[in-house]
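Everything on this sheet refers to the single structure shown next.
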Amino acid sequence: MATHVITGAGSGIGAAVARRLHARGDELVLHARDAGRAKELAAQFPGARTLVGDLADPDRLSWAFSHQSLPDRVDSLLHIAGVVDLGPIGELTPKTWHHQLNVNLVAPAELTRHFLPQLRVSQGHVVFVNSGAGLNAHAEWGAYAASKHGLKALADSLRHEEHANGVRVTSVYPGRTASPMQAKVHQQEGKEYDPSRWIDPESVATAIITAIDLPRDAEINDLTVRPGR
């Protein structure tokens with residue numbers, strides 16, 4: 001039975017992945033930003049463990065984890081949580097930059113640091129759910145794209161560093177996916193949101209689970225998932 005640490009399990013792609021892994025009987029350790037959210041996740045996924053820490057404040061994650069019990073075994077670490085705030089470079093404040101860089105880049109690096117010992121023992125898998133913006137940056141996506149370009153660099157460096165330890169690393173680059181984040185993006189863009197136009201989170205979940213279930217003789221490094229409609 002595999003053990004998966006998952007961020008972003010409360011909605012969208014993260015919830016779809018958690019549902020699939022929970023349904024097949026795997027052990028889940030679900031990250032939550034606070035105790036209230038942890039309680040909601042525990043009710044949503046009976047039997048799952050929770051781990052509390054604010055990704056927006058990665059400097060305090062180590063302190064938060066020191067007061068909790070971390071899993072002894074980790075087969076996969078799935079970085080799915082993320083935030084987005086659009087705006088032209090000339091108007092973005094340092095607060096906006098820091099928030100996206102902390103949640104989307106620095107916190108995944110810090111979580112990976114904490115769980116690398118367990119991942120090395122299990123020869124586990126780290127999955128970074130990136131974005132199309134991690135490959136191409138467009139107007140008003142500067143801060144978000146910068147955080148996701150950085151996440152690609154983190155994944156690529158980690159893959160080279162940990163290959164000899166048997167740790168696999170995959171970056172997944174979904175296009176626009178029907179989720180609460182996408183609804184927020186449309187609101188910021190001033191556009192009407194029609195979820196039927198975009199990728200179903202279950203489809204991205206299928207891609208992620210395919211990567212982690214791949215036999216040990218192979219590794220998916222980069223996986224781009226685009227809207228099929």
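Ordered as shown in the structure tokens, chains take letters A, B, and onward, while each chain numbers its residues from 1 and ligands are numbered from 1 in the order shown.
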Give me the residues near segment 115-122 of chain A as a PDB file with N, CA and C atoms, in the first residue's frame, where near means some atom within 8 Å (using only C-alpha atoms) and where sequence neighbours in that chain fewer than 6 positions away do not count.
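And here's selection-v1.pdb as it stands now:
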```pdb
ATOM      1  N   ASP A  72       6.391   8.023   8.294  1.00  0.00           N
ATOM      2  CA  ASP A  72       7.669   7.324   8.204  1.00  0.00           C
ATOM      3  C   ASP A  72       7.979   6.907   6.774  1.00  0.00           C
ATOM      4  N   ARG A  73       6.919   6.648   6.015  1.00  0.00           N
ATOM      5  CA  ARG A  73       7.096   6.230   4.621  1.00  0.00           C
ATOM      6  C   ARG A  73       6.368   7.198   3.699  1.00  0.00           C
ATOM      7  N   VAL A  74       7.023   7.576   2.609  1.00  0.00           N
ATOM      8  CA  VAL A  74       6.399   8.406   1.582  1.00  0.00           C
ATOM      9  C   VAL A  74       6.779   7.816   0.225  1.00  0.00           C
ATOM     10  N   ASP A  75       5.765   7.379  -0.526  1.00  0.00           N
ATOM     11  CA  ASP A  75       6.006   6.851  -1.866  1.00  0.00           C
ATOM     12  C   ASP A  75       5.871   7.916  -2.939  1.00  0.00           C
ATOM     13  N   SER A  76       5.031   8.909  -2.692  1.00  0.00           N
ATOM     14  CA  SER A  76       4.959  10.017  -3.636  1.00  0.00           C
ATOM     15  C   SER A  76       4.619  11.302  -2.898  1.00  0.00           C
ATOM     16  N   LEU A  77       5.211  12.385  -3.381  1.00  0.00           N
ATOM     17  CA  LEU A  77       4.932  13.730  -2.896  1.00  0.00           C
ATOM     18  C   LEU A  77       4.345  14.494  -4.068  1.00  0.00           C
ATOM     19  N   ASN A 165      19.591   8.148  -6.530  1.00  0.00           N
ATOM     20  CA  ASN A 165      18.899   7.623  -5.347  1.00  0.00           C
ATOM     21  C   ASN A 165      17.602   6.908  -5.708  1.00  0.00           C
ATOM     22  N   GLY A 166      17.277   6.864  -6.998  1.00  0.00           N
ATOM     23  CA  GLY A 166      16.073   6.170  -7.430  1.00  0.00           C
ATOM     24  C   GLY A 166      14.800   6.972  -7.281  1.00  0.00           C
ATOM     25  N   VAL A 167      14.917   8.282  -7.006  1.00  0.00           N
ATOM     26  CA  VAL A 167      13.732   9.138  -6.869  1.00  0.00           C
ATOM     27  C   VAL A 167      13.344   9.670  -8.247  1.00  0.00           C
TER      28      VAL A 167
END
```
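Atom CA of Leu55 of chain A is positioned 5.4 Å from atom CA of Ala107 of chain A.
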If we count only C-alpha atoms, what is near segment 27-29 of chain A at a cut-off of 6 Å, once residues fewer than 4 positions away on the same chain are taken out, given as a PyMOL selection string? chain A and resi 3-5+48-50
Using the chain letters and numbers from this document, which residues of segment 42-220 of chain A does DSSP assign to strand (DSSP E), as a ChimeraX atom specification? /A:49-52,76-79,125-129,168-174
With only C-alpha atoms as the basis for distance, which of A:Asp222, A:Asp217, A:Glu162, A:Glu192 is at the shortest distance from Pro174 of chain A? A:Asp222
What gap, in Å, lies between atom CA of Leu41 of chain A and atom CA of Thr224 of chain A? 28.4 Å
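With only C-alpha atoms as the basis for measurement, A:Val84 is the residue among A:Leu51, A:Ala15, A:Ile89, A:Val84 that approaches Gln182 of chain A most closely.
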From A:Ser203, A:Asn136, A:Ser171, A:Ser196, residue lying nearest Leu154 of chain A [only C-alpha atoms]: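 Closest to Leu154 of chain A of all the choices is A:Ser171.
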Any chance you could list, as number ranges by chain, the residues in segment 123-168 of chain A that come up helix (DSSP H, G or I) when DSSP is run on the backbone? A: 132-134, 142-165
Output of the above residues as a PDB file, in the first residue's frame, restricted to C-alpha atoms:
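Below is the file result.pdb, written as the result:
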```
ATOM      1  CA  GLY A 132       1.267  25.996 -19.343  1.00  0.00           C
ATOM      2  CA  ALA A 133       2.511  29.289 -17.869  1.00  0.00           C
ATOM      3  CA  GLY A 134       5.594  27.402 -16.693  1.00  0.00           C
ATOM      4  CA  GLY A 142       4.356  37.682 -15.175  1.00  0.00           C
ATOM      5  CA  ALA A 143       4.437  36.828 -11.456  1.00  0.00           C
ATOM      6  CA  TYR A 144       2.555  33.551 -11.814  1.00  0.00           C
ATOM      7  CA  ALA A 145       4.623  32.493 -14.831  1.00  0.00           C
ATOM      8  CA  ALA A 146       7.837  33.384 -13.012  1.00  0.00           C
ATOM      9  CA  SER A 147       6.841  31.157 -10.096  1.00  0.00           C
ATOM     10  CA  LYS A 148       6.007  28.299 -12.470  1.00  0.00           C
ATOM     11  CA  HIS A 149       9.175  28.743 -14.569  1.00  0.00           C
ATOM     12  CA  GLY A 150      11.022  28.505 -11.263  1.00  0.00           C
ATOM     13  CA  LEU A 151       9.090  25.348 -10.391  1.00  0.00           C
ATOM     14  CA  LYS A 152      10.270  23.768 -13.647  1.00  0.00           C
ATOM     15  CA  ALA A 153      13.867  24.603 -12.719  1.00  0.00           C
ATOM     16  CA  LEU A 154      13.338  23.115  -9.262  1.00  0.00           C
ATOM     17  CA  ALA A 155      11.986  19.886 -10.760  1.00  0.00           C
ATOM     18  CA  ASP A 156      14.737  19.619 -13.360  1.00  0.00           C
ATOM     19  CA  SER A 157      17.496  20.170 -10.789  1.00  0.00           C
ATOM     20  CA  LEU A 158      15.914  17.721  -8.340  1.00  0.00           C
ATOM     21  CA  ARG A 159      15.659  15.076 -11.059  1.00  0.00           C
ATOM     22  CA  HIS A 160      19.396  15.304 -11.771  1.00  0.00           C
ATOM     23  CA  GLU A 161      20.307  15.359  -8.079  1.00  0.00           C
ATOM     24  CA  GLU A 162      18.155  12.410  -7.025  1.00  0.00           C
ATOM     25  CA  HIS A 163      18.350  10.101 -10.034  1.00  0.00           C
ATOM     26  CA  ALA A 164      21.096   8.031  -8.440  1.00  0.00           C
ATOM     27  CA  ASN A 165      18.899   7.623  -5.347  1.00  0.00           C
TER      28      ASN A 165
END
```
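Look at Pro227 of chain A: the protein and nucleic acid residues within 8 Å of it, using only C-alpha atoms and passing over chain neighbours fewer than 6 places away, are Gly175, Arg176, Thr177, Arg197, Trp198 and Ile199 of chain A.
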Same residues, N, CA, C and O atoms, saved as a PDB file, in the first residue's frame:
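Once everything was written out, this is out.pdb:
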```pdb
ATOM      1  N   GLY A 175      -3.064  22.616 -19.270  1.00  0.00           N
ATOM      2  CA  GLY A 175      -3.653  23.835 -19.788  1.00  0.00           C
ATOM      3  C   GLY A 175      -4.803  24.245 -18.878  1.00  0.00           C
ATOM      4  O   GLY A 175      -4.938  23.750 -17.758  1.00  0.00           O
ATOM      5  N   ARG A 176      -5.635  25.123 -19.343  1.00  0.00           N
ATOM      6  CA  ARG A 176      -6.736  25.614 -18.501  1.00  0.00           C
ATOM      7  C   ARG A 176      -7.648  24.463 -18.091  1.00  0.00           C
ATOM      8  O   ARG A 176      -8.149  23.729 -18.927  1.00  0.00           O
ATOM      9  N   THR A 177      -7.841  24.337 -16.794  1.00  0.00           N
ATOM     10  CA  THR A 177      -8.593  23.229 -16.214  1.00  0.00           C
ATOM     11  C   THR A 177      -9.775  23.774 -15.430  1.00  0.00           C
ATOM     12  O   THR A 177      -9.652  24.780 -14.715  1.00  0.00           O
ATOM     13  N   ARG A 197     -15.682  24.296 -21.335  1.00  0.00           N
ATOM     14  CA  ARG A 197     -14.687  24.581 -22.374  1.00  0.00           C
ATOM     15  C   ARG A 197     -13.307  24.037 -22.012  1.00  0.00           C
ATOM     16  O   ARG A 197     -12.434  23.920 -22.873  1.00  0.00           O
ATOM     17  N   TRP A 198     -13.104  23.708 -20.753  1.00  0.00           N
ATOM     18  CA  TRP A 198     -11.754  23.431 -20.282  1.00  0.00           C
ATOM     19  C   TRP A 198     -11.584  21.980 -19.835  1.00  0.00           C
ATOM     20  O   TRP A 198     -12.539  21.218 -19.758  1.00  0.00           O
ATOM     21  N   ILE A 199     -10.362  21.606 -19.502  1.00  0.00           N
ATOM     22  CA  ILE A 199     -10.035  20.230 -19.127  1.00  0.00           C
ATOM     23  C   ILE A 199     -10.735  19.874 -17.816  1.00  0.00           C
ATOM     24  O   ILE A 199     -10.744  20.657 -16.865  1.00  0.00           O
TER      25      ILE A 199
END
```
Show which residues sit within 8 Å of Val83 of chain A, as a VMD selection string. Count only C-alpha atoms, and ignore same-chain residues fewer than 2 positions away. chain A and resid 81 85 100 103 to 104 144 181
Pull N, CA, C and O atoms from the residues just selected and write them as a PDB file, in the first residue's frame.
```pdb
ATOM      1  N   ALA A  81      -1.102  22.152  -4.969  1.00  0.00           N
ATOM      2  CA  ALA A  81      -1.618  23.454  -4.535  1.00  0.00           C
ATOM      3  C   ALA A  81      -0.962  24.582  -5.332  1.00  0.00           C
ATOM      4  O   ALA A  81       0.201  24.483  -5.742  1.00  0.00           O
ATOM      5  N   ASP A  85      -2.458  35.325  -9.283  1.00  0.00           N
ATOM      6  CA  ASP A  85      -2.934  36.708  -9.282  1.00  0.00           C
ATOM      7  C   ASP A  85      -2.357  37.386 -10.507  1.00  0.00           C
ATOM      8  O   ASP A  85      -1.138  37.514 -10.649  1.00  0.00           O
ATOM      9  N   GLN A 100       2.787  34.601  -4.551  1.00  0.00           N
ATOM     10  CA  GLN A 100       2.817  33.568  -5.577  1.00  0.00           C
ATOM     11  C   GLN A 100       4.123  32.781  -5.574  1.00  0.00           C
ATOM     12  O   GLN A 100       4.127  31.550  -5.731  1.00  0.00           O
ATOM     13  N   VAL A 103       3.992  30.344  -2.362  1.00  0.00           N
ATOM     14  CA  VAL A 103       3.087  29.196  -2.459  1.00  0.00           C
ATOM     15  C   VAL A 103       3.482  28.279  -3.610  1.00  0.00           C
ATOM     16  O   VAL A 103       3.490  27.052  -3.466  1.00  0.00           O
ATOM     17  N   ASN A 104       3.824  28.853  -4.751  1.00  0.00           N
ATOM     18  CA  ASN A 104       4.030  28.062  -5.963  1.00  0.00           C
ATOM     19  C   ASN A 104       5.444  27.515  -6.121  1.00  0.00           C
ATOM     20  O   ASN A 104       5.646  26.564  -6.888  1.00  0.00           O
ATOM     21  N   TYR A 144       2.938  34.965 -11.844  1.00  0.00           N
ATOM     22  CA  TYR A 144       2.555  33.551 -11.814  1.00  0.00           C
ATOM     23  C   TYR A 144       3.492  32.732 -12.693  1.00  0.00           C
ATOM     24  O   TYR A 144       3.995  31.675 -12.279  1.00  0.00           O
ATOM     25  N   MET A 181      -9.701  27.758  -9.259  1.00  0.00           N
ATOM     26  CA  MET A 181      -8.640  28.668  -9.700  1.00  0.00           C
ATOM     27  C   MET A 181      -8.955  29.249 -11.071  1.00  0.00           C
ATOM     28  O   MET A 181      -8.749  30.449 -11.314  1.00  0.00           O
TER      29      MET A 181
END
```
Within 10 Å of segment 61-67 of chain A using only C-alpha atoms, minus same-chain residues under 2 positions, as a compact mmCIF listing (two decimals) with C-alpha atoms, in the first residue's frame:
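selection_5.txt, written as the output of this step:
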```txt
# COMPACT_ATOMS: atom_id res chain seq x y z
CA LEU A 51 -0.48 17.82 7.92
CA VAL A 52 -0.96 21.49 8.77
CA GLY A 53 1.24 24.33 7.56
CA ASP A 54 0.75 27.56 5.63
CA LEU A 55 2.38 27.38 2.19
CA ALA A 56 2.19 31.16 2.02
CA ASP A 57 4.69 31.29 4.91
CA PRO A 58 7.32 28.68 3.99
CA ASP A 59 9.77 30.02 6.58
CA SER A 69 4.09 13.57 13.29
CA LEU A 70 5.46 13.16 9.77
CA ALA A 107 6.93 26.01 -0.30
CA GLU A 110 10.70 23.27 1.43
CA LEU A 111 8.22 20.39 1.49
CA ARG A 113 13.44 19.04 1.52
CA HIS A 114 11.46 17.68 4.47
```
Hey, can you check how far atom CA of Ser131 of chain A sits from atom CA of Gly25 of chain A?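 So the answer is 28.6 Å.
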Nearest to Lys184 of chain A: which of A:Asp26, A:Asp34, A:Ala2, A:Leu86 is it, counting only C-alpha atoms? A:Leu86
Nearest residue to Ser179 of chain A out of A:Gln44, A:Gly90, A:Ser11, A:Met1, using only C-alpha atoms?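 Under the stated criterion, the closest residue is A:Ser11.
Comparing A:Thr210, A:Ile80, A:Pro88, A:Gly124 by their smallest distance to Gly8 of chain A, the closest is A:Ile80 (using only C-alpha atoms).
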